[in-house]
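query_6.cif (mmCIF, C-alpha atoms) appears below.
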```cif
data_run
loop_
_atom_site.group_PDB
_atom_site.id
_atom_site.type_symbol
_atom_site.label_atom_id
_atom_site.label_comp_id
_atom_site.auth_asym_id
_atom_site.auth_seq_id
_atom_site.Cartn_x
_atom_site.Cartn_y
_atom_site.Cartn_z
ATOM 1 C CA MET R 1 0.000 0.000 0.000
ATOM 2 C CA ASN R 2 2.125 2.859 -1.303
ATOM 3 C CA ALA R 3 -0.579 5.070 -2.772
ATOM 4 C CA LYS R 4 -0.236 8.825 -2.422
ATOM 5 C CA PRO R 5 -2.268 9.937 0.621
ATOM 6 C CA VAL R 6 -5.524 11.820 0.044
ATOM 7 C CA SER R 7 -7.541 13.886 2.512
ATOM 8 C CA HIS R 8 -11.199 13.913 3.485
ATOM 9 C CA THR R 9 -11.552 17.142 1.490
ATOM 10 C CA ASP R 10 -10.074 15.452 -1.586
ATOM 11 C CA LEU R 11 -12.800 12.791 -1.426
ATOM 12 C CA ILE R 12 -15.839 14.980 -0.726
ATOM 13 C CA ALA R 13 -17.045 14.789 -4.347
ATOM 14 C CA ALA R 14 -15.841 11.224 -5.004
ATOM 15 C CA THR R 15 -18.161 8.328 -5.808
ATOM 16 C CA ALA R 16 -18.589 5.399 -3.438
ATOM 17 C CA VAL R 17 -16.474 3.255 -5.774
ATOM 18 C CA ASN R 18 -13.666 5.825 -5.764
ATOM 19 C CA VAL R 19 -13.765 6.277 -1.981
ATOM 20 C CA ARG R 20 -13.471 2.502 -1.528
ATOM 21 C CA ALA R 21 -10.624 2.436 -4.047
ATOM 22 C CA ALA R 22 -8.745 5.110 -2.088
ATOM 23 C CA ILE R 23 -9.262 3.133 1.104
ATOM 24 C CA ARG R 24 -8.287 -0.177 -0.504
ATOM 25 C CA SER R 25 -5.063 1.306 -1.859
ATOM 26 C CA GLY R 26 -4.119 2.687 1.557
ATOM 27 C CA ALA R 27 -4.392 6.294 0.374
ATOM 28 C CA TYR R 28 -7.160 7.186 2.853
ATOM 29 C CA ALA R 29 -7.518 6.084 6.473
ATOM 30 C CA GLY R 30 -9.874 8.743 7.855
ATOM 31 C CA HIS R 31 -13.531 8.848 8.873
ATOM 32 C CA THR R 32 -16.294 8.638 6.263
ATOM 33 C CA ALA R 33 -18.794 11.229 7.542
ATOM 34 C CA GLY R 34 -19.961 13.370 4.620
ATOM 35 C CA LEU R 35 -18.410 11.167 1.921
ATOM 36 C CA ALA R 36 -20.245 9.653 -1.084
ATOM 37 C CA ALA R 37 -23.403 11.675 -0.501
ATOM 38 C CA GLY R 38 -26.530 9.732 -1.376
ATOM 39 C CA LYS R 39 -25.031 6.297 -0.704
ATOM 40 C CA LEU R 40 -25.692 3.954 2.201
ATOM 41 C CA GLN R 41 -22.982 3.780 4.856
ATOM 42 C CA CYS R 42 -22.662 0.648 6.965
ATOM 43 C CA ASN R 43 -21.381 -0.461 10.343
ATOM 44 C CA LEU R 44 -19.780 -3.905 10.419
ATOM 45 C CA ALA R 45 -19.723 -7.003 12.585
ATOM 46 C CA ILE R 46 -17.601 -9.897 11.337
ATOM 47 C CA LEU R 47 -17.780 -13.049 13.429
ATOM 48 C CA PRO R 48 -17.523 -16.850 13.210
ATOM 49 C CA GLU R 49 -20.552 -18.564 11.708
ATOM 50 C CA ARG R 50 -21.309 -20.529 14.886
ATOM 51 C CA TYR R 51 -22.211 -17.275 16.663
ATOM 52 C CA ALA R 52 -23.904 -15.529 13.749
ATOM 53 C CA LEU R 53 -27.464 -16.806 14.251
ATOM 54 C CA ASP R 54 -27.670 -15.601 17.848
ATOM 55 C CA PHE R 55 -26.153 -12.279 16.789
ATOM 56 C CA LEU R 56 -28.774 -11.908 14.046
ATOM 57 C CA ARG R 57 -31.469 -12.687 16.640
ATOM 58 C CA PHE R 58 -30.000 -9.923 18.777
ATOM 59 C CA CYS R 59 -30.139 -7.489 15.844
ATOM 60 C CA GLN R 60 -33.741 -8.447 15.052
ATOM 61 C CA ARG R 61 -34.710 -7.729 18.666
ATOM 62 C CA ASN R 62 -32.865 -4.375 18.701
ATOM 63 C CA PRO R 63 -33.509 -2.867 15.261
ATOM 64 C CA LYS R 64 -32.855 0.771 16.216
ATOM 65 C CA PRO R 65 -29.136 0.355 16.979
ATOM 66 C CA CYS R 66 -28.700 -2.791 14.836
ATOM 67 C CA PRO R 67 -30.609 -2.496 11.516
ATOM 68 C CA VAL R 68 -29.295 -5.317 9.306
ATOM 69 C CA VAL R 69 -28.739 -4.125 5.719
ATOM 70 C CA GLY R 70 -26.432 -6.829 4.363
ATOM 71 C CA LEU R 71 -25.168 -10.339 5.070
ATOM 72 C CA SER R 72 -22.312 -12.230 3.433
ATOM 73 C CA ASP R 73 -22.015 -15.888 2.575
ATOM 74 C CA THR R 74 -19.817 -17.749 5.040
ATOM 75 C CA GLY R 75 -16.150 -17.294 4.225
ATOM 76 C CA ASN R 76 -16.826 -14.929 1.307
ATOM 77 C CA PRO R 77 -15.404 -11.389 1.688
ATOM 78 C CA ALA R 78 -17.718 -10.030 -1.027
ATOM 79 C CA LEU R 79 -21.029 -8.284 -0.303
ATOM 80 C CA PRO R 80 -22.671 -8.310 -3.748
ATOM 81 C CA THR R 81 -26.020 -7.049 -2.453
ATOM 82 C CA LEU R 82 -24.313 -3.822 -1.317
ATOM 83 C CA GLY R 83 -21.675 -3.290 -4.022
ATOM 84 C CA HIS R 84 -20.373 -5.022 -7.127
ATOM 85 C CA ASP R 85 -16.690 -4.907 -6.148
ATOM 86 C CA ILE R 86 -16.691 -4.808 -2.338
ATOM 87 C CA ASP R 87 -13.933 -6.722 -0.579
ATOM 88 C CA ILE R 88 -14.677 -6.477 3.114
ATOM 89 C CA ARG R 89 -11.038 -7.287 3.967
ATOM 90 C CA THR R 90 -9.722 -4.028 2.503
ATOM 91 C CA ASP R 91 -12.568 -1.564 1.856
ATOM 92 C CA VAL R 92 -12.995 -0.039 5.323
ATOM 93 C CA SER R 93 -10.561 2.684 6.360
ATOM 94 C CA LYS R 94 -9.959 1.248 9.825
ATOM 95 C CA TYR R 95 -10.986 -1.982 11.545
ATOM 96 C CA ARG R 96 -10.987 -3.166 15.134
ATOM 97 C CA VAL R 97 -9.932 -6.743 15.863
ATOM 98 C CA PHE R 98 -11.152 -8.270 19.133
ATOM 99 C CA ARG R 99 -9.905 -11.537 20.668
ATOM 100 C CA ASP R 100 -11.573 -13.143 23.687
ATOM 101 C CA GLY R 101 -13.328 -9.908 24.614
ATOM 102 C CA THR R 102 -10.250 -7.688 24.336
ATOM 103 C CA LEU R 103 -9.335 -5.153 21.667
ATOM 104 C CA SER R 104 -6.309 -6.702 19.994
ATOM 105 C CA ASP R 105 -5.537 -4.266 17.195
ATOM 106 C CA GLU R 106 -6.726 -1.490 14.892
ATOM 107 C CA VAL R 107 -5.696 -2.079 11.287
ATOM 108 C CA MET R 108 -6.419 -0.886 7.746
ATOM 109 C CA ASP R 109 -6.564 -4.389 6.245
ATOM 110 C CA ILE R 110 -7.890 -7.647 7.696
ATOM 111 C CA SER R 111 -6.684 -10.011 4.974
ATOM 112 C CA ASP R 112 -4.369 -11.734 7.444
ATOM 113 C CA GLU R 113 -7.304 -12.277 9.842
ATOM 114 C CA TRP R 114 -9.704 -13.666 7.260
ATOM 115 C CA ALA R 115 -10.947 -17.243 7.705
ATOM 116 C CA ASP R 116 -13.343 -19.563 5.911
ATOM 117 C CA ASP R 117 -15.864 -19.545 8.787
ATOM 118 C CA LEU R 118 -16.342 -15.767 9.025
ATOM 119 C CA VAL R 119 -19.665 -14.049 8.320
ATOM 120 C CA THR R 120 -20.027 -10.316 7.692
ATOM 121 C CA VAL R 121 -23.118 -8.540 9.009
ATOM 122 C CA ALA R 122 -23.579 -5.000 7.664
ATOM 123 C CA LEU R 123 -25.694 -2.631 9.753
ATOM 124 C CA GLY R 124 -27.202 0.729 8.828
ATOM 125 C CA CYS R 125 -25.426 3.920 9.913
ATOM 126 C CA SER R 126 -26.696 7.360 10.869
ATOM 127 C CA PHE R 127 -24.191 8.966 8.482
ATOM 128 C CA THR R 128 -26.722 7.984 5.801
ATOM 129 C CA PHE R 129 -29.519 10.329 6.883
ATOM 130 C CA GLU R 130 -27.158 13.230 7.572
ATOM 131 C CA ASN R 131 -27.148 14.069 3.878
ATOM 132 C CA ALA R 132 -30.918 14.504 4.033
ATOM 133 C CA LEU R 133 -30.609 16.786 7.072
ATOM 134 C CA VAL R 134 -28.051 18.950 5.271
ATOM 135 C CA ARG R 135 -30.247 19.184 2.162
ATOM 136 C CA ALA R 136 -33.081 20.414 4.366
ATOM 137 C CA GLY R 137 -30.902 23.174 5.815
ATOM 138 C CA ILE R 138 -30.435 21.512 9.207
ATOM 139 C CA PRO R 139 -26.853 21.997 10.448
ATOM 140 C CA VAL R 140 -24.771 18.890 11.162
ATOM 141 C CA ARG R 141 -22.011 20.257 13.363
ATOM 142 C CA HIS R 142 -19.408 17.517 13.080
ATOM 143 C CA ILE R 143 -19.550 17.635 9.273
ATOM 144 C CA GLU R 144 -19.295 21.435 9.309
ATOM 145 C CA SER R 145 -16.284 21.141 11.603
ATOM 146 C CA GLY R 146 -14.566 18.265 9.782
ATOM 147 C CA LEU R 147 -14.882 16.041 12.863
ATOM 148 C CA ASN R 148 -16.143 12.572 13.663
ATOM 149 C CA VAL R 149 -19.613 12.357 15.208
ATOM 150 C CA PRO R 150 -19.626 12.196 19.044
ATOM 151 C CA MET R 151 -20.753 8.817 20.410
ATOM 152 C CA PHE R 152 -21.779 7.968 23.970
ATOM 153 C CA ARG R 153 -22.551 4.958 26.136
ATOM 154 C CA THR R 154 -26.036 5.091 27.711
ATOM 155 C CA ASN R 155 -28.046 3.314 30.393
ATOM 156 C CA ILE R 156 -30.628 2.046 27.867
ATOM 157 C CA ASP R 157 -30.842 -1.752 28.142
ATOM 158 C CA LEU R 158 -31.069 -3.892 25.024
ATOM 159 C CA VAL R 159 -33.089 -7.087 24.497
ATOM 160 C CA PRO R 160 -30.659 -10.031 24.878
ATOM 161 C CA ALA R 161 -30.202 -13.026 22.586
ATOM 162 C CA GLY R 162 -27.954 -15.904 23.583
ATOM 163 C CA ARG R 163 -24.643 -14.500 24.794
ATOM 164 C CA PHE R 164 -25.332 -11.046 23.303
ATOM 165 C CA HIS R 165 -26.597 -8.291 25.624
ATOM 166 C CA GLY R 166 -25.718 -4.792 26.846
ATOM 167 C CA GLN R 167 -26.662 -1.111 26.643
ATOM 168 C CA MET R 168 -27.253 1.151 23.672
ATOM 169 C CA VAL R 169 -24.677 3.555 22.266
ATOM 170 C CA VAL R 170 -25.961 6.807 20.767
ATOM 171 C CA THR R 171 -24.702 9.560 18.495
ATOM 172 C CA MET R 172 -25.445 13.187 19.357
ATOM 173 C CA ARG R 173 -26.071 16.128 17.039
ATOM 174 C CA PRO R 174 -26.890 19.646 18.272
ATOM 175 C CA ILE R 175 -30.010 20.783 16.434
ATOM 176 C CA PRO R 176 -31.611 24.258 16.515
ATOM 177 C CA GLU R 177 -34.655 23.947 18.755
ATOM 178 C CA GLN R 178 -37.058 25.064 16.027
ATOM 179 C CA GLN R 179 -35.731 22.327 13.685
ATOM 180 C CA VAL R 180 -35.849 19.345 16.058
ATOM 181 C CA ALA R 181 -39.279 18.228 14.844
ATOM 182 C CA GLN R 182 -38.115 18.473 11.234
ATOM 183 C CA ALA R 183 -34.967 16.462 12.009
ATOM 184 C CA HIS R 184 -37.160 13.816 13.637
ATOM 185 C CA GLU R 185 -39.453 13.656 10.610
ATOM 186 C CA ILE R 186 -36.573 13.409 8.121
ATOM 187 C CA SER R 187 -34.560 10.772 9.963
ATOM 188 C CA ARG R 188 -37.561 8.534 10.639
ATOM 189 C CA ARG R 189 -37.737 7.968 6.861
ATOM 190 C CA PHE R 190 -34.486 6.015 7.166
ATOM 191 C CA PRO R 191 -35.345 3.026 9.399
ATOM 192 C CA GLN R 192 -32.386 1.112 7.964
ATOM 193 C CA ALA R 193 -30.104 3.925 9.185
ATOM 194 C CA HIS R 194 -31.374 4.037 12.809
ATOM 195 C CA GLY R 195 -34.498 6.068 11.987
ATOM 196 C CA ALA R 196 -35.873 8.733 14.316
ATOM 197 C CA PRO R 197 -34.039 9.950 17.455
ATOM 198 C CA ILE R 198 -34.388 7.973 20.673
ATOM 199 C CA ALA R 199 -34.080 11.006 22.971
ATOM 200 C CA VAL R 200 -33.815 14.804 23.038
ATOM 201 C CA GLY R 201 -32.393 17.167 25.643
ATOM 202 C CA ASP R 202 -31.002 16.273 29.074
ATOM 203 C CA PRO R 203 -28.129 13.774 28.614
ATOM 204 C CA GLU R 204 -28.337 12.542 32.212
ATOM 205 C CA LYS R 205 -31.736 10.965 31.500
ATOM 206 C CA ILE R 206 -29.992 8.396 29.298
ATOM 207 C CA GLY R 207 -26.881 8.032 31.434
ATOM 208 C CA ILE R 208 -24.506 10.507 29.757
ATOM 209 C CA ALA R 209 -22.492 12.540 32.256
ATOM 210 C CA ASP R 210 -20.724 15.055 30.006
ATOM 211 C CA LEU R 211 -21.440 15.861 26.339
ATOM 212 C CA MET R 212 -17.946 17.326 26.012
ATOM 213 C CA GLN R 213 -16.412 13.924 26.829
ATOM 214 C CA PRO R 214 -17.684 11.460 24.200
ATOM 215 C CA ASP R 215 -16.709 7.808 24.513
ATOM 216 C CA TRP R 216 -15.838 7.774 20.803
ATOM 217 C CA GLY R 217 -15.555 10.435 18.128
ATOM 218 C CA ASP R 218 -15.056 14.145 18.780
ATOM 219 C CA ALA R 219 -16.764 16.671 21.045
ATOM 220 C CA VAL R 220 -18.734 19.317 19.151
ATOM 221 C CA GLU R 221 -19.948 22.771 20.118
ATOM 222 C CA ILE R 222 -23.545 23.161 21.275
ATOM 223 C CA ARG R 223 -24.590 26.734 20.563
ATOM 224 C CA ASP R 224 -27.265 28.945 22.100
ATOM 225 C CA GLY R 225 -30.701 27.922 20.850
ATOM 226 C CA GLU R 226 -29.605 24.351 20.085
ATOM 227 C CA VAL R 227 -30.571 21.163 21.886
ATOM 228 C CA PRO R 228 -28.743 17.828 21.868
ATOM 229 C CA VAL R 229 -30.562 15.138 19.885
ATOM 230 C CA TYR R 230 -29.614 11.461 20.238
ATOM 231 C CA TRP R 231 -29.858 8.691 17.677
ATOM 232 C CA ALA R 232 -29.184 4.969 18.159
ATOM 233 C CA CYS R 233 -25.649 4.139 17.012
ATOM 234 C CA GLY R 234 -24.056 1.212 15.209
ATOM 235 C CA VAL R 235 -21.183 1.170 17.709
ATOM 236 C CA THR R 236 -23.703 -0.596 19.964
ATOM 237 C CA PRO R 237 -22.961 -4.053 18.531
ATOM 238 C CA GLN R 238 -19.223 -3.451 19.032
ATOM 239 C CA ASN R 239 -19.784 -3.230 22.783
ATOM 240 C CA VAL R 240 -22.088 -6.221 22.683
ATOM 241 C CA LEU R 241 -19.558 -8.299 20.751
ATOM 242 C CA LEU R 242 -16.809 -7.215 23.147
ATOM 243 C CA ASP R 243 -18.839 -8.283 26.177
ATOM 244 C CA ALA R 244 -19.689 -11.619 24.513
ATOM 245 C CA GLY R 245 -16.001 -12.550 24.618
ATOM 246 C CA LEU R 246 -15.868 -14.263 21.221
ATOM 247 C CA PRO R 247 -12.528 -15.841 20.300
ATOM 248 C CA LEU R 248 -12.430 -13.499 17.277
ATOM 249 C CA CYS R 249 -14.627 -10.723 15.970
ATOM 250 C CA ILE R 250 -13.896 -7.744 13.748
ATOM 251 C CA THR R 251 -15.728 -4.447 13.461
ATOM 252 C CA HIS R 252 -15.203 -1.078 11.815
ATOM 253 C CA SER R 253 -13.531 1.553 13.966
ATOM 254 C CA PRO R 254 -16.080 4.167 15.091
ATOM 255 C CA GLY R 255 -16.718 6.637 12.275
ATOM 256 C CA HIS R 256 -14.922 4.505 9.670
ATOM 257 C CA MET R 257 -17.793 2.974 7.711
ATOM 258 C CA LEU R 258 -18.195 0.744 4.694
ATOM 259 C CA ILE R 259 -19.679 2.860 1.888
ATOM 260 C CA ALA R 260 -22.077 0.854 -0.291
ATOM 261 C CA ASP R 261 -23.291 1.421 -3.836
ATOM 262 C CA VAL R 262 -26.918 1.230 -2.663
ATOM 263 C CA ALA R 263 -28.765 4.544 -2.610
ATOM 264 C CA GLU R 264 -29.466 5.830 0.897
ATOM 265 C CA ASP R 265 -33.172 6.159 0.101
ATOM 266 C CA ALA R 266 -33.555 2.842 -1.769
ATOM 267 C CA GLU R 267 -36.680 0.857 -0.954
ATOM 268 C CA THR R 268 -34.481 -2.144 -0.113
ATOM 269 C CA THR R 269 -30.742 -2.535 0.418
ATOM 270 C CA ILE R 270 -30.414 -5.164 -2.324
ATOM 271 C CA LEU R 271 -28.334 -3.720 -5.152
ATOM 272 C CA LYS R 272 -29.817 -4.288 -8.589
ATOM 273 C CA GLN R 273 -27.561 -6.542 -10.619
#
```

Could the structure of this file be written out as structure tokens, please?
Amino acid sequence: MNAKPVSHTDLIAATAVNVRAAIRSGAYAGHTAGLAAGKLQCNLAILPERYALDFLRFCQRNPKPCPVVGLSDTGNPALPTLGHDIDIRTDVSKYRVFRDGTLSDEVMDISDEWADDLVTVALGCSFTFENALVRAGIPVRHIESGLNVPMFRTNIDLVPAGRFHGQMVVTMRPIPEQQVAQAHEISRRFPQAHGAPIAVGDPEKIGIADLMQPDWGDAVEIRDGEVPVYWACGVTPQNVLLDAGLPLCITHSPGHMLIADVAEDAETTILKQ
């Protein structure tokens, strides 16, 4: 991977195919917020097949933080329903590798970790509906600031399945008070990208102590006249997988999503062949 590095700004107008190509070549390792506007962005959970059914049960029982939008064949790194040329081993700008419930490494390529029993589960991401908010004139602070979205642990319990259980993670966006209802209406049209917010206002009500100290991502300014709005987050299954203590599982790093060729507003997430 000796490609000339490119910046987030360089890729703002790039297609999903070209963003993935930059990532695959090693030229880009940054976050994907604001990239490939109009295309579905996906969180990832890659795990051995013997655990996949219980994990899919968990996702079905917790669709807000875990909306399943794609599923690979066992041992196949392709995701043809999401993109014609996707190779899940190389097409995400940063991965997290967990072993026995412990973060082992963050890498830009998981080819050396790949095995014939692995299954990739792709989950919808709130980056998808942000484009619709921007088009409607609703500010999205972390995009304006060139930052990663702030993400927080909460006290909201999830419905367990097998060895998978835990609490929800949320993203937060400061929204002008007079536009909160509009943001709710727009985002609810994207159920495969976490849909409508799960809470508005006081962070302590959902177990967040300090909005300036996110658990992942970057803190963003909350200006006068704005209120914090919280959406379910695809980092949720990362925590759940970590707590499950699987011998091996791989996820995206927070903010570093797989960008699909499927349109963000497509009726289904099955790419037309």

Problem set entry | Selection result of the PyMOL selection byres ((chain R and resi 127) around 12) on this file, as a PyMOL selection string | chain R and resi 31-43+123-126+128-134+140+142-143+148-150+171-173+187+190+192-195+231-234+254-259+264

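Counting all atoms listed in the file, the residue from R:Ala161, R:Leu211, R:Leu246, R:Ala199 that sits nearest to Arg57 in chain R is R:Ala161.
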
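Atom pair CA of Ile208 in chain R / CA of Gly101 in chain R has a distance of 23.8 Å (rounded to one decimal).
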
For this session: Report as a PyMOL selection string the full result of the PyMOL selection byres ((chain R and resi 152) around 10) when it is applied to this structure.
Result: chain R and resi 150-151+153-154+168-172+203+206-211+213-217+230+232-233+235-236

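Around Leu11 in chain R, within 12 Å and counting only C-alpha atoms, the residues found are Pro5, Val6, Ser7, His8, Ala14, Thr15, Ala16, Val17, Asn18, Val19, Arg20, Ala21, Ala22, Ile23, Ala27, Tyr28, Ala29, Gly30, His31, Thr32, Ala33, Gly34, Leu35, Ala36 and Ala37 of chain R, once anything fewer than 3 positions away on its own chain is removed.
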
Output of the above residues as a JSON list (two decimals), in the frame of the given file, restricted to C-alpha atoms:
```json
[["chain", "number", "residue", "atom", "x", "y", "z"],
["R", 5, "PRO", "CA", -2.27, 9.94, 0.62],
["R", 6, "VAL", "CA", -5.52, 11.82, 0.04],
["R", 7, "SER", "CA", -7.54, 13.89, 2.51],
["R", 8, "HIS", "CA", -11.20, 13.91, 3.48],
["R", 14, "ALA", "CA", -15.84, 11.22, -5.00],
["R", 15, "THR", "CA", -18.16, 8.33, -5.81],
["R", 16, "ALA", "CA", -18.59, 5.40, -3.44],
["R", 17, "VAL", "CA", -16.47, 3.26, -5.77],
["R", 18, "ASN", "CA", -13.67, 5.82, -5.76],
["R", 19, "VAL", "CA", -13.76, 6.28, -1.98],
["R", 20, "ARG", "CA", -13.47, 2.50, -1.53],
["R", 21, "ALA", "CA", -10.62, 2.44, -4.05],
["R", 22, "ALA", "CA", -8.74, 5.11, -2.09],
["R", 23, "ILE", "CA", -9.26, 3.13, 1.10],
["R", 27, "ALA", "CA", -4.39, 6.29, 0.37],
["R", 28, "TYR", "CA", -7.16, 7.19, 2.85],
["R", 29, "ALA", "CA", -7.52, 6.08, 6.47],
["R", 30, "GLY", "CA", -9.87, 8.74, 7.86],
["R", 31, "HIS", "CA", -13.53, 8.85, 8.87],
["R", 32, "THR", "CA", -16.29, 8.64, 6.26],
["R", 33, "ALA", "CA", -18.79, 11.23, 7.54],
["R", 34, "GLY", "CA", -19.96, 13.37, 4.62],
["R", 35, "LEU", "CA", -18.41, 11.17, 1.92],
["R", 36, "ALA", "CA", -20.24, 9.65, -1.08],
["R", 37, "ALA", "CA", -23.40, 11.68, -0.50]]
```

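By all atoms listed in the file, and with residues fewer than 6 positions from Glu113 in chain R along its chain excluded, the set lying at most 12 Å from it is Ile46, Leu47, Pro48, Gly75, Pro77, Ile88, Arg89, Thr90, Tyr95, Arg96, Val97, Phe98, Arg99, Ser104, Asp105, Glu106, Val107, Leu248, Cys249 and Ile250 of chain R.
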
Exercise. Which of these, R:Ser72, R:Pro139, R:Glu204, R:Cys66, has the shortest distance to Asn155 in chain R once you count all atoms listed in the file?
Worked result: R:Glu204

For this session: Take CA of Ala196 in chain R and CA of Asp265 in chain R and report the distance between them in Å, one decimal.
Result: 14.7 Å

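Coordinates place CA of Asp243 in chain R at a distance of 8.8 Å from CA of Thr102 in chain R.
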
For this session: Name all residues at most 12 Å from Ile138 in chain R (count all atoms listed in the file; drop same-chain ones fewer than 6 positions away) and give them as a list in words.
Result: Phe129, Glu130, Asn131, Ala132, Glu144, Arg173, Pro174, Ile175, Pro176, Glu177, Gln178, Gln179, Val180, Ala181, Gln182, Ala183, His184, Ile186, Ser187 and Glu226 of chain R

For this session: Go through R:Val227, R:Ala13, R:Ala136, R:Ile156 one by one, measure the shortest atom-to-atom distance of each to Glu185 in chain R using all atoms listed in the file, and give the residue with the smallest value.
Result: R:Ala136

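Restricting the calculation to all atoms listed in the file, the smallest distance between Lys64 in chain R and any of R:Gly83, R:Pro237, R:Pro191, R:Gly146 is found for R:Pro191.
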
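Across R:Asp218, R:Asp10, R:Glu49, R:Asp54, the tightest approach to Gly162 in chain R is made by R:Asp54 when counting only C-alpha atoms.
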
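Using all atoms listed in the file, the shortest contact distance between Arg50 in chain R and any of R:Thr81, R:Leu241, R:Val119, R:Asp87 is found at R:Val119.
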
For range 139-158 of chain R, what centre and edge lengths in Å (one decimal) does the axis-aligned box get once 3 Å is added on each side of all its listed atoms, as lines of an AutoDock Vina configuration file?
```
center_x = -22.8
center_y = 9.1
center_z = 19.8
size_x = 22.5
size_y = 31.9
size_z = 27.1
```

Regenerate range 221-227 of chain R at the level of all heavy atoms and dump it as an mmCIF file, in the frame of the given file.
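Contents of result-v9.cif, freshly written:
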```cif
data_model
loop_
_atom_site.group_PDB
_atom_site.id
_atom_site.type_symbol
_atom_site.label_atom_id
_atom_site.label_comp_id
_atom_site.auth_asym_id
_atom_site.auth_seq_id
_atom_site.Cartn_x
_atom_site.Cartn_y
_atom_site.Cartn_z
ATOM 1 N N GLU R 221 -19.348 21.618 19.456
ATOM 2 C CA GLU R 221 -19.948 22.771 20.118
ATOM 3 C C GLU R 221 -21.467 22.688 20.088
ATOM 4 O O GLU R 221 -22.061 22.335 19.068
ATOM 5 C CB GLU R 221 -19.488 24.047 19.404
ATOM 6 C CG GLU R 221 -20.042 25.332 19.988
ATOM 7 C CD GLU R 221 -19.677 26.542 19.150
ATOM 8 O OE1 GLU R 221 -19.122 26.371 18.040
ATOM 9 O OE2 GLU R 221 -19.972 27.670 19.605
ATOM 10 N N ILE R 222 -22.090 23.015 21.208
ATOM 11 C CA ILE R 222 -23.545 23.161 21.275
ATOM 12 C C ILE R 222 -23.828 24.643 21.506
ATOM 13 O O ILE R 222 -23.487 25.195 22.549
ATOM 14 C CB ILE R 222 -24.157 22.302 22.401
ATOM 15 C CG1 ILE R 222 -23.796 20.823 22.192
ATOM 16 C CG2 ILE R 222 -25.673 22.479 22.438
ATOM 17 C CD1 ILE R 222 -24.256 19.910 23.311
ATOM 18 N N ARG R 223 -24.421 25.289 20.541
ATOM 19 C CA ARG R 223 -24.590 26.734 20.563
ATOM 20 C C ARG R 223 -25.917 27.131 21.195
ATOM 21 O O ARG R 223 -26.832 26.308 21.355
ATOM 22 C CB ARG R 223 -24.497 27.283 19.134
ATOM 23 C CG ARG R 223 -23.142 27.001 18.489
ATOM 24 C CD ARG R 223 -23.106 27.388 17.024
ATOM 25 N NE ARG R 223 -21.813 27.026 16.428
ATOM 26 C CZ ARG R 223 -21.571 27.020 15.124
ATOM 27 N NH1 ARG R 223 -22.538 27.369 14.268
ATOM 28 N NH2 ARG R 223 -20.376 26.678 14.663
ATOM 29 N N ASP R 224 -26.023 28.424 21.543
ATOM 30 C CA ASP R 224 -27.265 28.945 22.100
ATOM 31 C C ASP R 224 -28.411 28.663 21.129
ATOM 32 O O ASP R 224 -28.281 28.845 19.908
ATOM 33 C CB ASP R 224 -27.151 30.456 22.324
ATOM 34 C CG ASP R 224 -26.208 30.814 23.470
ATOM 35 O OD1 ASP R 224 -25.889 29.911 24.271
ATOM 36 O OD2 ASP R 224 -25.785 31.994 23.548
ATOM 37 N N GLY R 225 -29.532 28.210 21.680
ATOM 38 C CA GLY R 225 -30.701 27.922 20.850
ATOM 39 C C GLY R 225 -30.710 26.522 20.282
ATOM 40 O O GLY R 225 -31.661 26.146 19.584
ATOM 41 N N GLU R 226 -29.661 25.735 20.566
ATOM 42 C CA GLU R 226 -29.605 24.351 20.085
ATOM 43 C C GLU R 226 -29.849 23.386 21.236
ATOM 44 O O GLU R 226 -29.551 23.685 22.395
ATOM 45 C CB GLU R 226 -28.238 24.052 19.458
ATOM 46 C CG GLU R 226 -27.960 24.855 18.198
ATOM 47 C CD GLU R 226 -26.599 24.576 17.610
ATOM 48 O OE1 GLU R 226 -25.689 24.133 18.361
ATOM 49 O OE2 GLU R 226 -26.411 24.811 16.399
ATOM 50 N N VAL R 227 -30.372 22.222 20.897
ATOM 51 C CA VAL R 227 -30.571 21.163 21.886
ATOM 52 C C VAL R 227 -29.892 19.892 21.386
ATOM 53 O O VAL R 227 -29.847 19.635 20.175
ATOM 54 C CB VAL R 227 -32.069 20.895 22.155
ATOM 55 C CG1 VAL R 227 -32.727 22.100 22.788
ATOM 56 C CG2 VAL R 227 -32.796 20.522 20.873
#
```
